[in-house]
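Have a look at my_file04.txt; it's compact mmCIF, C-alpha atoms:
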# COMPACT_ATOMS: atom_id res chain seq x y z
CA MET Y 1 49.58 10.43 21.74
CA ASN Y 2 49.14 14.24 21.45
CA TRP Y 3 46.13 16.34 22.48
CA SER Y 4 45.04 19.90 22.78
CA SER Y 5 41.88 21.47 24.31
CA THR Y 6 40.23 24.89 24.52
CA ASN Y 7 38.43 26.13 27.67
CA ALA Y 8 38.67 22.73 29.40
CA THR Y 9 39.17 22.80 33.14
CA GLU Y 10 39.90 19.14 33.54
CA LEU Y 11 41.16 16.42 31.17
CA THR Y 12 41.42 12.71 31.93
CA LEU Y 13 42.91 10.06 29.72
CA ALA Y 14 41.70 6.51 30.16
CA PRO Y 15 42.44 3.74 30.63
CA GLY Y 16 45.19 3.86 33.14
CA ILE Y 17 46.68 7.33 32.66
CA GLY Y 18 44.34 9.65 34.61
CA ARG Y 19 44.39 13.43 34.82
CA VAL Y 20 46.49 15.27 32.18
CA ALA Y 21 47.32 18.89 31.29
CA PRO Y 22 45.03 20.80 28.84
CA GLU Y 23 47.71 20.41 26.18
CA GLY Y 24 50.35 17.74 25.98
CA SER Y 25 51.51 14.36 24.85
CA THR Y 26 52.32 11.02 26.38
CA ARG Y 27 53.98 7.89 25.12
CA VAL Y 28 51.94 4.71 25.35
CA THR Y 29 53.15 1.21 24.53
CA PRO Y 30 50.25 -1.17 24.98
CA ALA Y 31 50.96 -4.86 24.68
CA ASP Y 32 47.67 -5.39 22.83
CA SER Y 33 45.47 -3.17 20.67
CA MET Y 34 43.62 -0.66 22.85
CA THR Y 35 41.24 2.31 22.61
CA TYR Y 36 42.21 5.42 24.61
CA THR Y 37 39.56 8.05 25.49
CA ILE Y 38 40.28 11.60 26.61
CA THR Y 39 37.45 13.36 28.42
CA ALA Y 40 37.50 17.17 28.60
CA THR Y 41 35.28 18.92 31.13
CA GLY Y 42 34.74 22.69 31.16
CA PRO Y 43 32.10 25.48 31.47
CA GLY Y 44 30.43 24.27 28.27
CA GLY Y 45 30.06 20.65 29.34
CA THR Y 46 31.92 17.43 28.64
CA ALA Y 47 33.44 16.14 25.39
CA ASP Y 48 35.06 12.79 24.65
CA MET Y 49 37.48 11.82 21.91
CA SER Y 50 38.81 8.31 21.33
CA VAL Y 51 41.73 6.87 19.42
CA ARG Y 52 42.45 3.22 18.74
CA ILE Y 53 46.05 2.07 18.87
CA THR Y 54 46.47 -1.17 16.98
CA VAL Y 55 49.32 -3.39 17.97
CA ALA Y 56 50.40 -5.69 15.19
CA ALA Y 57 51.48 -9.17 16.03
CA PRO Y 58 55.23 -9.37 16.18
CA PRO Y 59 56.80 -10.75 13.05
CA PRO Y 60 57.46 -14.45 13.13
CA PRO Y 61 60.96 -15.38 14.20
CA PRO Y 62 63.35 -15.79 11.31
CA PRO Y 63 63.65 -19.32 10.02
CA PRO Y 64 66.53 -21.28 11.43
CA PRO Y 65 69.63 -21.00 9.31
CA ALA Y 66 70.04 -23.62 6.66
CA PRO Y 67 72.38 -26.37 7.74
CA THR Y 68 75.91 -25.53 6.76
CA ALA Y 69 77.41 -27.95 4.30
CA THR Y 70 80.35 -29.88 5.65
CA MET Y 71 83.69 -29.54 3.93
CA GLU Y 72 83.27 -33.09 2.64
CA GLU Y 73 79.93 -32.16 1.04
CA LEU Y 74 81.40 -29.02 -0.50
CA PHE Y 75 84.33 -31.06 -1.78
CA ARG Y 76 82.06 -33.69 -3.38
CA THR Y 77 79.95 -30.98 -4.98
CA ASN Y 78 82.75 -28.83 -6.39
CA VAL Y 79 85.68 -31.11 -7.17
CA ARG Y 80 85.74 -32.93 -10.51
CA ASP Y 81 87.97 -35.70 -11.78
CA ALA Y 82 89.98 -35.53 -15.01
CA PHE Y 83 89.35 -38.36 -17.48
CA PHE Y 84 91.95 -39.65 -19.94
CA ASP Y 85 91.99 -41.39 -23.30
CA TYR Y 86 93.29 -44.95 -23.58
CA ASP Y 87 97.03 -45.18 -22.85
CA GLN Y 88 97.32 -41.36 -22.57
CA TYR Y 89 98.13 -38.91 -19.81
CA ASP Y 90 97.63 -35.57 -21.58
CA ILE Y 91 94.83 -33.33 -20.26
CA ARG Y 92 91.79 -33.44 -22.57
CA ALA Y 93 89.55 -30.40 -23.25
CA ASP Y 94 86.74 -31.77 -21.04
CA ALA Y 95 89.27 -32.41 -18.27
CA ARG Y 96 90.53 -28.82 -18.56
CA ASP Y 97 87.02 -27.55 -17.82
CA ALA Y 98 86.58 -29.92 -14.88
CA LEU Y 99 89.98 -29.03 -13.46
CA ALA Y 100 89.33 -25.28 -13.86
CA ARG Y 101 86.23 -25.65 -11.67
CA THR Y 102 88.18 -27.73 -9.16
CA ALA Y 103 91.01 -25.19 -9.07
CA GLU Y 104 88.55 -22.36 -8.44
CA PHE Y 105 87.12 -24.26 -5.47
CA LEU Y 106 90.56 -25.09 -4.08
CA ARG Y 107 91.78 -21.49 -4.44
CA SER Y 108 88.75 -20.31 -2.46
CA HIS Y 109 89.50 -22.89 0.29
CA PRO Y 110 93.24 -22.62 0.95
CA GLU Y 111 92.92 -24.82 4.03
CA ILE Y 112 92.16 -27.90 1.87
CA ARG Y 113 94.86 -30.39 0.92
CA VAL Y 114 94.25 -33.10 -1.66
CA VAL Y 115 95.70 -36.35 -2.89
CA ILE Y 116 95.46 -36.86 -6.64
CA GLU Y 117 95.09 -40.54 -7.47
CA GLY Y 118 96.12 -41.77 -10.91
CA HIS Y 119 93.87 -44.60 -12.14
CA CYS Y 120 93.93 -46.85 -15.21
CA ASP Y 121 91.61 -49.37 -16.80
CA GLU Y 122 92.23 -53.12 -16.49
CA ARG Y 123 94.17 -53.48 -19.73
CA GLY Y 124 97.95 -53.62 -19.50
CA SER Y 125 100.29 -55.03 -16.89
CA THR Y 126 100.25 -53.98 -13.27
CA GLU Y 127 103.68 -52.36 -13.60
CA TYR Y 128 102.78 -50.49 -16.78
CA ASN Y 129 99.52 -49.17 -15.28
CA LEU Y 130 101.26 -48.03 -12.08
CA GLY Y 131 103.60 -45.92 -14.24
CA LEU Y 132 100.74 -44.60 -16.39
CA GLY Y 133 98.70 -43.81 -13.27
CA GLU Y 134 101.63 -41.83 -11.85
CA ARG Y 135 101.99 -39.84 -15.10
CA ARG Y 136 98.25 -39.08 -15.03
CA ALA Y 137 98.34 -37.93 -11.40
CA GLN Y 138 101.38 -35.74 -12.10
CA ALA Y 139 99.75 -34.27 -15.24
CA VAL Y 140 96.69 -33.29 -13.19
CA ARG Y 141 98.89 -31.83 -10.44
CA GLN Y 142 100.94 -29.76 -12.91
CA PHE Y 143 97.76 -28.47 -14.57
CA MET Y 144 96.34 -27.49 -11.18
CA ILE Y 145 99.58 -25.64 -10.37
CA SER Y 146 99.22 -23.76 -13.68
CA LEU Y 147 95.74 -22.71 -12.50
CA GLY Y 148 97.09 -21.21 -9.28
CA VAL Y 149 96.75 -24.05 -6.77
CA SER Y 150 99.81 -24.23 -4.54
CA ALA Y 151 101.95 -27.32 -5.15
CA ASP Y 152 102.40 -27.95 -1.43
CA ARG Y 153 98.66 -28.61 -1.08
CA MET Y 154 98.69 -31.57 -3.50
CA ASP Y 155 100.22 -35.03 -3.22
CA THR Y 156 99.98 -37.75 -5.86
CA VAL Y 157 99.70 -41.50 -5.79
CA SER Y 158 99.30 -44.08 -8.54
CA LEU Y 159 96.79 -46.85 -8.00
CA GLY Y 160 97.13 -48.17 -11.55
CA LYS Y 161 94.37 -50.67 -12.21
CA GLU Y 162 94.15 -51.84 -8.58
CA ARG Y 163 91.04 -49.87 -7.48
CA PRO Y 164 88.66 -49.62 -10.42
CA PHE Y 165 85.56 -47.43 -10.22
CA CYS Y 166 83.74 -49.77 -12.60
CA THR Y 167 84.36 -53.49 -13.11
CA THR Y 168 82.63 -54.29 -16.41
CA SER Y 169 84.98 -55.11 -19.29
CA ALA Y 170 83.59 -52.54 -21.75
CA GLU Y 171 84.74 -49.16 -23.08
CA ASP Y 172 82.23 -47.03 -21.13
CA CYS Y 173 83.41 -48.70 -17.92
CA TRP Y 174 87.09 -48.48 -18.84
CA GLN Y 175 86.63 -44.74 -19.48
CA GLN Y 176 85.42 -44.26 -15.89
CA ASN Y 177 88.59 -45.96 -14.63
CA ARG Y 178 91.02 -43.81 -16.66
CA ARG Y 179 91.13 -40.76 -14.42
CA GLY Y 180 92.92 -38.44 -12.09
CA HIS Y 181 90.78 -38.60 -8.96
CA PHE Y 182 90.83 -36.09 -6.08
CA VAL Y 183 90.63 -37.22 -2.46
CA LEU Y 184 90.34 -34.84 0.47
CA ALA Y 185 93.56 -35.25 2.48
CA ARG Y 186 93.21 -35.74 6.24
Could you express the structure from this file as structure tokens?
Amino acid sequence: MNWSSTNATELTLAPGIGRVAPEGSTRVTPADSMTYTITATGPGGTADMSVRITVAAPPPPPPPPAPTATMEELFRTNVRDAFFDYDQYDIRADARDALARTAEFLRSHPEIRVVIEGHCDERGSTEYNLGLGERRAQAVRQFMISLGVSADRMDTVSLGKERPFCTTSAEDCWQQNRRGHFVLAR
């Protein structure tokens, strides 16, 4: 607060400050809103002047930070499988898009290692599907390497037709089983 007076012989500032010089300033930091009154006394009488200092409520504390997603949650959200046509192991256009997104995620998290599982549908012999599953897993791995993911971060395994994602004997189910599937390595 600043003040100035003319011809005053005595100035008091209330509450709590008391006598002050005819001209001056003081810093006040009230905890709550408060009205300060300065009273000037001199040969001409007494004059009062008041000022209200309003103290705003402190801002609310910031909200707690959003829970951080675990690496497993980030992995599930950002990693996509590559699907294959019947008896094929070449990377389809839709798989290229899915793998590009997966590669972007893996490049931004160099600490992650993955296992690429090669899966097949139920048709064909166990031996044939193990070989086809291995070719699918390797095709996905090679494509990921071409997208800048380090080879030493990826292992492959063929599961053939042994662990199907879907068990109905129909094309839409078989399509779900023909894939290169990513698993977060431990």
Practice problem: Taking (44.2, 6.8, 32.8) in the file's own coordinates, collect the residues within 12 Å, counting all atoms listed in the file, and hand them back as number ranges by chain. | Solution: Y: 11-20, 26, 28, 35-39
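You can rank Y:Phe165, Y:Trp174, Y:Phe182, Y:Tyr86 by their closest distance to Arg113 in chain Y using all atoms listed in the file, and at the top of that list sits Y:Phe182.
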Which residues come within 12 Å of Val157 in chain Y, counting all atoms listed in the file, excluding same-chain residues fewer than 3 positions away, as an mmCIF file with C-alpha atoms, in the frame of the given file?
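Output file part-v2.cif follows:
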data_model
loop_
_atom_site.group_PDB
_atom_site.id
_atom_site.type_symbol
_atom_site.label_atom_id
_atom_site.label_comp_id
_atom_site.auth_asym_id
_atom_site.auth_seq_id
_atom_site.Cartn_x
_atom_site.Cartn_y
_atom_site.Cartn_z
ATOM 1 C CA VAL Y 114 94.250 -33.100 -1.660
ATOM 2 C CA VAL Y 115 95.700 -36.350 -2.890
ATOM 3 C CA ILE Y 116 95.460 -36.860 -6.640
ATOM 4 C CA GLU Y 117 95.090 -40.540 -7.470
ATOM 5 C CA GLY Y 118 96.120 -41.770 -10.910
ATOM 6 C CA HIS Y 119 93.870 -44.600 -12.140
ATOM 7 C CA LEU Y 130 101.260 -48.030 -12.080
ATOM 8 C CA GLY Y 131 103.600 -45.920 -14.240
ATOM 9 C CA LEU Y 132 100.740 -44.600 -16.390
ATOM 10 C CA GLY Y 133 98.700 -43.810 -13.270
ATOM 11 C CA GLU Y 134 101.630 -41.830 -11.850
ATOM 12 C CA ARG Y 135 101.990 -39.840 -15.100
ATOM 13 C CA ARG Y 136 98.250 -39.080 -15.030
ATOM 14 C CA ALA Y 137 98.340 -37.930 -11.400
ATOM 15 C CA GLN Y 138 101.380 -35.740 -12.100
ATOM 16 C CA ALA Y 139 99.750 -34.270 -15.240
ATOM 17 C CA VAL Y 140 96.690 -33.290 -13.190
ATOM 18 C CA ARG Y 141 98.890 -31.830 -10.440
ATOM 19 C CA MET Y 154 98.690 -31.570 -3.500
ATOM 20 C CA GLY Y 160 97.130 -48.170 -11.550
ATOM 21 C CA GLY Y 180 92.920 -38.440 -12.090
ATOM 22 C CA HIS Y 181 90.780 -38.600 -8.960
ATOM 23 C CA PHE Y 182 90.830 -36.090 -6.080
ATOM 24 C CA VAL Y 183 90.630 -37.220 -2.460
#
Self-check item: Within 9 Å of Val149 in chain Y using all atoms listed in the file, minus same-chain residues under 3 positions, as a ChimeraX atom specification
Solution: /Y:103-104,106-107,110,141,144-146,152-154
Would you place a box with edges along x, y and z of the file around all atoms of range 162-171 of chain Y listed there, add 6 Å to each of its six sides, and report the centre and edge lengths in Å to one decimal, as JSON?
{"center_x": 88.4, "center_y": -51.3, "center_z": -15.3, "size_x": 23.5, "size_y": 19.7, "size_z": 27.6}
Quiz item: At what distance in Å, to one decimal, does CA of Gln176 in chain Y lie from CA of Leu147 in chain Y?
Solution: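 That distance, rounded to one decimal, is 24.1 Å.
Picture a line from CA of Phe143 in chain Y to CA of Leu99 in chain Y; it runs 7.9 Å.
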Quiz item: If you measure from CA of Arg101 in chain Y to CA of Thr77 in chain Y, what distance in Å do you get, rounded to one decimal?
Solution: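 Between CA of Arg101 in chain Y and CA of Thr77 in chain Y the gap is 10.6 Å.
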Self-check item: Minimum-distance residue to Glu23 in chain Y, chosen among Y:Pro43, Y:Glu73, Y:Cys120, Y:Asn2 (using all atoms listed in the file)
Solution: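 Closest candidate: Y:Asn2.
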Practice problem: Select, from Y:Asp155, Y:Glu171, Y:Asp94, Y:Glu72, the residue with the minimum atom-to-atom distance to Asp121 in chain Y, counting all atoms listed in the file. | Solution: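 Closest candidate: Y:Glu171.
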Quiz item: Which residue, Y:Leu74, Y:Arg123, Y:Arg96, Y:Tyr128, has the smallest gap to His109 in chain Y when you use all atoms listed in the file?
Solution: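 Smallest distance to His109 in chain Y is found for Y:Leu74.
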